[in-house]
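**Student:** Have a look at the structure that comes next, please.
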Amino acid sequence: MTADLLISRDGAILEIGFNRPAKKNALTEAMYKAIADSLEQASDDPDIRVVLFYGEGGIFTSGNDLNDFAQVATGQRRAEDMEVMRVLHILAGFQKPVIAAVEGLAVGIGLTLLLHCDLAYVAQDARLTAPFVDLALVPEAASSLLMPALIGHQKAFALFALGEALSGEDAARLGLANAALPAGDVLAQARLSAQTLAKKAPGALATTKALMRDSATIRARMDKEGLEFARRLVSPEAREAFMAFAQKRAPDFSNLA
Ligand code: COA
């Protein structure tokens, strides 16, 4: 277990809180491992009916820790061993409702995670981005399939390729969230909905969710993206992007073919 993740139980609700505010709640391998383990336990525990993700410190998450990506780029770690893939596979087939409470920044998987949540509440002033191409990467979490299906190709492309941001209001309008609320109300509303869901008939809830999501197709797309993502991570473009982030400068792709 890692202190960067707060995992707690409130009756039938499992809360998973990203708790690394000094790094904008960037998600490390240790955090992904703890998330995957918790989701597996929640899946097997009949007393847990709902899972709720939130971020501490007024931030959801700045996405994958870029230092972990840089370790793959420089050969210190294998892309195939990355725990994020385990988290995504579990979420793709997760039978219990998953809720997100999003305040502040939601970058990369912070945004694409919403595609795997059954309810999402966002702060009106939240800022959601998925700047995969700016990092010389490609979309993940089956977002190359699910995002255009939800918001249309052009809007999804602008998110991934231009790195355009969505506000919380945009996210709600586009169907990525149930509601955009004042920041202080987001977690309370998510908890209220979690409590309501926790009292519903669990079998009916699980089957309703299963009927609404084609897990096999989602996993197949995750795997396809994962192969491309792994290739991109070790590319000279990605090494430049991660080095630029570490050096606090804009990447320069002008000399790369
Ligand atoms: N991975 C690793 N460290 C991160 C991080 C990430 N994804 N996001 C932020 N941090 C770190 C910064 O390096 C900085 O560390 P330092 O204080 O040791 O220098 C600290 O968190 C604060 O971030 P900072 O950039 O100073 O905050 P900001 O408010 O100016 O900007 C972001 C916040 C999230 C917009 C900016 O940090 C950013 O773009 N991060 C990268 C996001 C990203 O590309 N994620 C991956 C998506 S796939």
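Every chain in the structure tokens takes a letter, A first, then B, and so on in the order presented; its residues are numbered from 1, and the ligands are numbered from 1 following the presented order.
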Residues of chain A that approach ligand 1 to 7 Å or less, counting only C-alpha atoms and all ligand atoms: could you list each one with the shortest pair of atoms and its distance in Å to one decimal, rows by chain and increasing residue number, as CSV?
**Tutor:**
```
residue,atom,partner,partner_atom_place_in_ligand_line,distance
A:Ala22,CA,ligand 1,20 (C),5.7
A:Lys23,CA,ligand 1,21 (O),3.2
A:Lys24,CA,ligand 1,21 (O),5.1
A:Ala26,CA,ligand 1,7 (N),4.7
A:Ser62,CA,ligand 1,34 (C),4.6
A:Gly63,CA,ligand 1,45 (N),4.4
A:Asn64,CA,ligand 1,46 (C),4.8
A:Asp65,CA,ligand 1,1 (N),3.3
A:Leu66,CA,ligand 1,1 (N),3.9
A:Asn67,CA,ligand 1,2 (C),5.6
A:Leu105,CA,ligand 1,34 (C),6.7
A:Val107,CA,ligand 1,47 (C),5.4
A:Gly108,CA,ligand 1,47 (C),3.9
A:Ile109,CA,ligand 1,48 (S),6.3
A:Ala130,CA,ligand 1,47 (C),6.3
A:Pro131,CA,ligand 1,47 (C),6.4
A:Phe132,CA,ligand 1,48 (S),5.8
A:Leu135,CA,ligand 1,44 (O),6.6
A:Ala246,CA,ligand 1,13 (O),6.8
```
**Student:** Just C-alpha atoms for this one: save the residues we selected as a short mmCIF file (atom, residue, chain, number, x, y, z; two decimals), in the first residue's frame.
**Tutor:**
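Final output, again.cif:
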```cif
data_model
loop_
_atom_site.label_atom_id
_atom_site.label_comp_id
_atom_site.auth_asym_id
_atom_site.auth_seq_id
_atom_site.Cartn_x
_atom_site.Cartn_y
_atom_site.Cartn_z
CA ALA A 22 2.59 18.01 -4.37
CA LYS A 23 2.74 16.23 -7.76
CA LYS A 24 -0.82 17.18 -8.74
CA ALA A 26 0.10 12.13 -10.72
CA SER A 62 -2.50 15.09 -13.60
CA GLY A 63 -2.51 11.60 -15.13
CA ASN A 64 0.24 9.06 -15.37
CA ASP A 65 3.47 10.02 -13.62
CA LEU A 66 5.67 11.13 -16.50
CA ASN A 67 8.80 9.98 -14.67
CA LEU A 105 -7.27 19.19 -13.09
CA VAL A 107 -5.28 15.05 -17.31
CA GLY A 108 -4.82 11.96 -19.49
CA ILE A 109 -6.24 8.98 -17.65
CA ALA A 130 -5.91 14.43 -22.81
CA PRO A 131 -2.76 15.76 -24.54
CA PHE A 132 -1.53 12.41 -25.84
CA LEU A 135 3.54 13.68 -25.29
CA ALA A 246 11.62 17.20 -16.82
#
```
**Student:** Please list as a PyMOL selection string every residue within 12 Å of region 139-149 of chain A, counting only C-alpha atoms and excluding residues in the same chain fewer than 5 positions away.
**Tutor:** chain A and resi 63-64+84-92+107-117+129-134+154-161+163+171+174-176+213-230+232
**Student:** Per residue of region 133-230 of chain A within 8 Å of region 37-58 of chain A, what are the shortest atom pair and its distance in Å to one decimal, counting only C-alpha atoms, with rows by chain and residue number, as CSV?
**Tutor:**
```
residue,atom,partner,partner_atom,distance
A:Leu187,CA,A:Tyr54,CA,7.4
A:Ala190,CA,A:Leu52,CA,7.6
A:Arg191,CA,A:Leu52,CA,7.7
A:Ala194,CA,A:Val50,CA,6.2
A:Leu197,CA,A:Val50,CA,7.1
A:Ala198,CA,A:Arg49,CA,5.3
A:Pro202,CA,A:Arg49,CA,7.1
```
**Student:** Go ahead and save the picked residues with all heavy atoms, as a PDB file, in the first residue's frame.
**Tutor:**
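Wrote again-v4.pdb, looks like this:
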```pdb
ATOM      1  N   LEU A 187     -17.951  16.284  -4.443  1.00  0.00           N
ATOM      2  CA  LEU A 187     -17.764  15.021  -3.707  1.00  0.00           C
ATOM      3  C   LEU A 187     -19.042  14.654  -2.944  1.00  0.00           C
ATOM      4  O   LEU A 187     -19.432  13.473  -2.898  1.00  0.00           O
ATOM      5  CB  LEU A 187     -16.561  15.140  -2.761  1.00  0.00           C
ATOM      6  CG  LEU A 187     -16.125  13.869  -2.045  1.00  0.00           C
ATOM      7  CD1 LEU A 187     -15.888  12.704  -3.007  1.00  0.00           C
ATOM      8  CD2 LEU A 187     -14.862  14.113  -1.217  1.00  0.00           C
ATOM      9  N   ALA A 190     -21.439  13.133  -5.356  1.00  0.00           N
ATOM     10  CA  ALA A 190     -20.990  11.791  -5.751  1.00  0.00           C
ATOM     11  C   ALA A 190     -21.297  10.786  -4.639  1.00  0.00           C
ATOM     12  O   ALA A 190     -21.752   9.665  -4.897  1.00  0.00           O
ATOM     13  CB  ALA A 190     -19.490  11.810  -6.063  1.00  0.00           C
ATOM     14  N   ARG A 191     -21.078  11.210  -3.397  1.00  0.00           N
ATOM     15  CA  ARG A 191     -21.350  10.310  -2.254  1.00  0.00           C
ATOM     16  C   ARG A 191     -22.843  10.034  -2.115  1.00  0.00           C
ATOM     17  O   ARG A 191     -23.248   8.907  -1.815  1.00  0.00           O
ATOM     18  CB  ARG A 191     -20.796  10.924  -0.960  1.00  0.00           C
ATOM     19  CG  ARG A 191     -19.286  10.789  -0.883  1.00  0.00           C
ATOM     20  CD  ARG A 191     -18.721  11.408   0.369  1.00  0.00           C
ATOM     21  NE  ARG A 191     -17.310  11.058   0.537  1.00  0.00           N
ATOM     22  CZ  ARG A 191     -16.415  11.839   1.116  1.00  0.00           C
ATOM     23  NH1 ARG A 191     -16.772  13.021   1.600  1.00  0.00           N
ATOM     24  NH2 ARG A 191     -15.162  11.444   1.223  1.00  0.00           N
ATOM     25  N   ALA A 194     -23.733   7.580  -4.672  1.00  0.00           N
ATOM     26  CA  ALA A 194     -23.178   6.276  -4.295  1.00  0.00           C
ATOM     27  C   ALA A 194     -24.078   5.606  -3.257  1.00  0.00           C
ATOM     28  O   ALA A 194     -24.377   4.404  -3.343  1.00  0.00           O
ATOM     29  CB  ALA A 194     -21.759   6.447  -3.755  1.00  0.00           C
ATOM     30  N   LEU A 197     -27.195   4.309  -4.960  1.00  0.00           N
ATOM     31  CA  LEU A 197     -26.931   3.082  -5.730  1.00  0.00           C
ATOM     32  C   LEU A 197     -26.702   1.885  -4.809  1.00  0.00           C
ATOM     33  O   LEU A 197     -27.086   0.761  -5.139  1.00  0.00           O
ATOM     34  CB  LEU A 197     -25.698   3.266  -6.628  1.00  0.00           C
ATOM     35  CG  LEU A 197     -25.876   4.126  -7.883  1.00  0.00           C
ATOM     36  CD1 LEU A 197     -24.545   4.233  -8.637  1.00  0.00           C
ATOM     37  CD2 LEU A 197     -26.953   3.555  -8.798  1.00  0.00           C
ATOM     38  N   ALA A 198     -26.064   2.140  -3.661  1.00  0.00           N
ATOM     39  CA  ALA A 198     -25.733   1.043  -2.741  1.00  0.00           C
ATOM     40  C   ALA A 198     -26.984   0.351  -2.210  1.00  0.00           C
ATOM     41  O   ALA A 198     -26.917  -0.786  -1.746  1.00  0.00           O
ATOM     42  CB  ALA A 198     -24.889   1.576  -1.585  1.00  0.00           C
ATOM     43  N   PRO A 202     -28.498  -5.419  -6.232  1.00  0.00           N
ATOM     44  CA  PRO A 202     -27.171  -5.519  -6.848  1.00  0.00           C
ATOM     45  C   PRO A 202     -27.143  -6.320  -8.150  1.00  0.00           C
ATOM     46  O   PRO A 202     -26.402  -5.979  -9.071  1.00  0.00           O
ATOM     47  CB  PRO A 202     -26.304  -6.182  -5.767  1.00  0.00           C
ATOM     48  CG  PRO A 202     -27.268  -6.779  -4.798  1.00  0.00           C
ATOM     49  CD  PRO A 202     -28.542  -6.018  -4.889  1.00  0.00           C
TER      50      PRO A 202
END
```
**Student:** So that I can check the secondary structure, give me every residue of region 16-180 of chain A assigned strand (DSSP E or B) by backbone DSSP, as a ChimeraX atom specification.
**Tutor:** /A:16-18,27,50-55,61,64,98-102,105-107,119-123,127-129,166-167,179-180
**Student:** Export N, CA and C atoms of the chosen residues as a JSON list (two decimals), in the first residue's frame?
**Tutor:**
```json
[["chain", "number", "residue", "atom", "x", "y", "z"],
["A", 16, "ILE", "N", -11.74, 5.56, -3.32],
["A", 16, "ILE", "CA", -10.32, 5.55, -3.71],
["A", 16, "ILE", "C", -9.93, 7.01, -3.98],
["A", 17, "GLY", "N", -9.07, 7.55, -3.11],
["A", 17, "GLY", "CA", -8.69, 8.96, -3.23],
["A", 17, "GLY", "C", -7.24, 9.09, -3.67],
["A", 18, "PHE", "N", -7.02, 9.87, -4.73],
["A", 18, "PHE", "CA", -5.65, 10.15, -5.19],
["A", 18, "PHE", "C", -5.08, 11.20, -4.24],
["A", 27, "LEU", "N", -0.24, 9.76, -11.10],
["A", 27, "LEU", "CA", -0.42, 8.35, -10.70],
["A", 27, "LEU", "C", 0.84, 7.54, -10.98],
["A", 50, "VAL", "N", -20.45, -0.20, -4.43],
["A", 50, "VAL", "CA", -20.12, 0.94, -5.30],
["A", 50, "VAL", "C", -18.67, 1.36, -5.05],
["A", 51, "VAL", "N", -17.99, 1.81, -6.12],
["A", 51, "VAL", "CA", -16.64, 2.36, -5.98],
["A", 51, "VAL", "C", -16.66, 3.83, -6.40],
["A", 52, "LEU", "N", -15.99, 4.66, -5.62],
["A", 52, "LEU", "CA", -15.98, 6.10, -5.90],
["A", 52, "LEU", "C", -14.53, 6.60, -5.97],
["A", 53, "PHE", "N", -14.17, 7.23, -7.08],
["A", 53, "PHE", "CA", -12.84, 7.84, -7.24],
["A", 53, "PHE", "C", -12.93, 9.34, -6.99],
["A", 54, "TYR", "N", -11.95, 9.88, -6.28],
["A", 54, "TYR", "CA", -11.86, 11.33, -6.12],
["A", 54, "TYR", "C", -10.39, 11.70, -5.93],
["A", 55, "GLY", "N", -10.11, 13.01, -5.94],
["A", 55, "GLY", "CA", -8.73, 13.47, -5.72],
["A", 55, "GLY", "C", -8.66, 14.39, -4.52],
["A", 61, "THR", "N", -6.52, 14.38, -10.97],
["A", 61, "THR", "CA", -5.16, 13.86, -11.19],
["A", 61, "THR", "C", -4.54, 14.45, -12.45],
["A", 64, "ASN", "N", -0.89, 9.96, -15.65],
["A", 64, "ASN", "CA", 0.24, 9.06, -15.37],
["A", 64, "ASN", "C", 1.47, 9.86, -14.97],
["A", 98, "VAL", "N", -19.24, 2.44, -10.80],
["A", 98, "VAL", "CA", -18.06, 3.25, -10.49],
["A", 98, "VAL", "C", -18.45, 4.72, -10.69],
["A", 99, "ILE", "N", -18.09, 5.54, -9.71],
["A", 99, "ILE", "CA", -18.45, 6.96, -9.75],
["A", 99, "ILE", "C", -17.17, 7.79, -9.64],
["A", 100, "ALA", "N", -17.14, 8.93, -10.34],
["A", 100, "ALA", "CA", -16.00, 9.84, -10.21],
["A", 100, "ALA", "C", -16.47, 11.19, -9.72],
["A", 101, "ALA", "N", -15.67, 11.78, -8.82],
["A", 101, "ALA", "CA", -15.88, 13.15, -8.36],
["A", 101, "ALA", "C", -14.64, 13.93, -8.79],
["A", 102, "VAL", "N", -14.81, 14.84, -9.74],
["A", 102, "VAL", "CA", -13.66, 15.50, -10.38],
["A", 102, "VAL", "C", -13.63, 16.98, -10.05],
["A", 105, "LEU", "N", -7.85, 19.75, -11.88],
["A", 105, "LEU", "CA", -7.27, 19.19, -13.09],
["A", 105, "LEU", "C", -7.62, 17.71, -13.25],
["A", 106, "ALA", "N", -7.91, 17.33, -14.48],
["A", 106, "ALA", "CA", -8.03, 15.91, -14.83],
["A", 106, "ALA", "C", -7.31, 15.75, -16.16],
["A", 107, "VAL", "N", -6.12, 15.15, -16.11],
["A", 107, "VAL", "CA", -5.28, 15.05, -17.31],
["A", 107, "VAL", "C", -5.14, 13.58, -17.70],
["A", 119, "LEU", "N", -21.28, 7.03, -13.27],
["A", 119, "LEU", "CA", -21.74, 8.38, -12.95],
["A", 119, "LEU", "C", -20.50, 9.24, -12.74],
["A", 120, "ALA", "N", -20.58, 10.49, -13.16],
["A", 120, "ALA", "CA", -19.44, 11.40, -12.93],
["A", 120, "ALA", "C", -19.98, 12.79, -12.62],
["A", 121, "TYR", "N", -19.39, 13.40, -11.60],
["A", 121, "TYR", "CA", -19.74, 14.78, -11.23],
["A", 121, "TYR", "C", -18.45, 15.58, -11.32],
["A", 122, "VAL", "N", -18.52, 16.73, -11.99],
["A", 122, "VAL", "CA", -17.30, 17.53, -12.20],
["A", 122, "VAL", "C", -17.54, 18.94, -11.68],
["A", 123, "ALA", "N", -16.46, 19.56, -11.25],
["A", 123, "ALA", "CA", -16.56, 20.96, -10.85],
["A", 123, "ALA", "C", -16.73, 21.81, -12.11],
["A", 127, "ARG", "N", -10.68, 21.46, -15.24],
["A", 127, "ARG", "CA", -10.00, 21.56, -16.53],
["A", 127, "ARG", "C", -9.57, 20.15, -16.93],
["A", 128, "LEU", "N", -10.19, 19.65, -17.99],
["A", 128, "LEU", "CA", -9.95, 18.26, -18.39],
["A", 128, "LEU", "C", -9.21, 18.22, -19.72],
["A", 129, "THR", "N", -8.07, 17.53, -19.74],
["A", 129, "THR", "CA", -7.28, 17.45, -20.98],
["A", 129, "THR", "C", -6.78, 16.03, -21.20],
["A", 166, "LEU", "N", -11.26, 20.80, -21.89],
["A", 166, "LEU", "CA", -12.70, 20.92, -21.63],
["A", 166, "LEU", "C", -12.87, 21.48, -20.22],
["A", 167, "SER", "N", -13.84, 22.36, -20.06],
["A", 167, "SER", "CA", -14.20, 22.79, -18.70],
["A", 167, "SER", "C", -15.17, 21.75, -18.14],
["A", 179, "ALA", "N", -23.24, 16.01, -14.23],
["A", 179, "ALA", "CA", -23.50, 17.40, -13.87],
["A", 179, "ALA", "C", -22.21, 18.13, -13.58],
["A", 180, "ALA", "N", -22.20, 19.44, -13.88],
["A", 180, "ALA", "CA", -21.11, 20.32, -13.47],
["A", 180, "ALA", "C", -21.64, 21.14, -12.30]]
```
**Student:** Output as a ChimeraX atom specification all residues of region 98-257 of chain A that backbone DSSP marks as alpha helix (DSSP H).
**Tutor:** /A:109-112,143-151,153-157,168-174,186-198,202-212,215-233,236-246
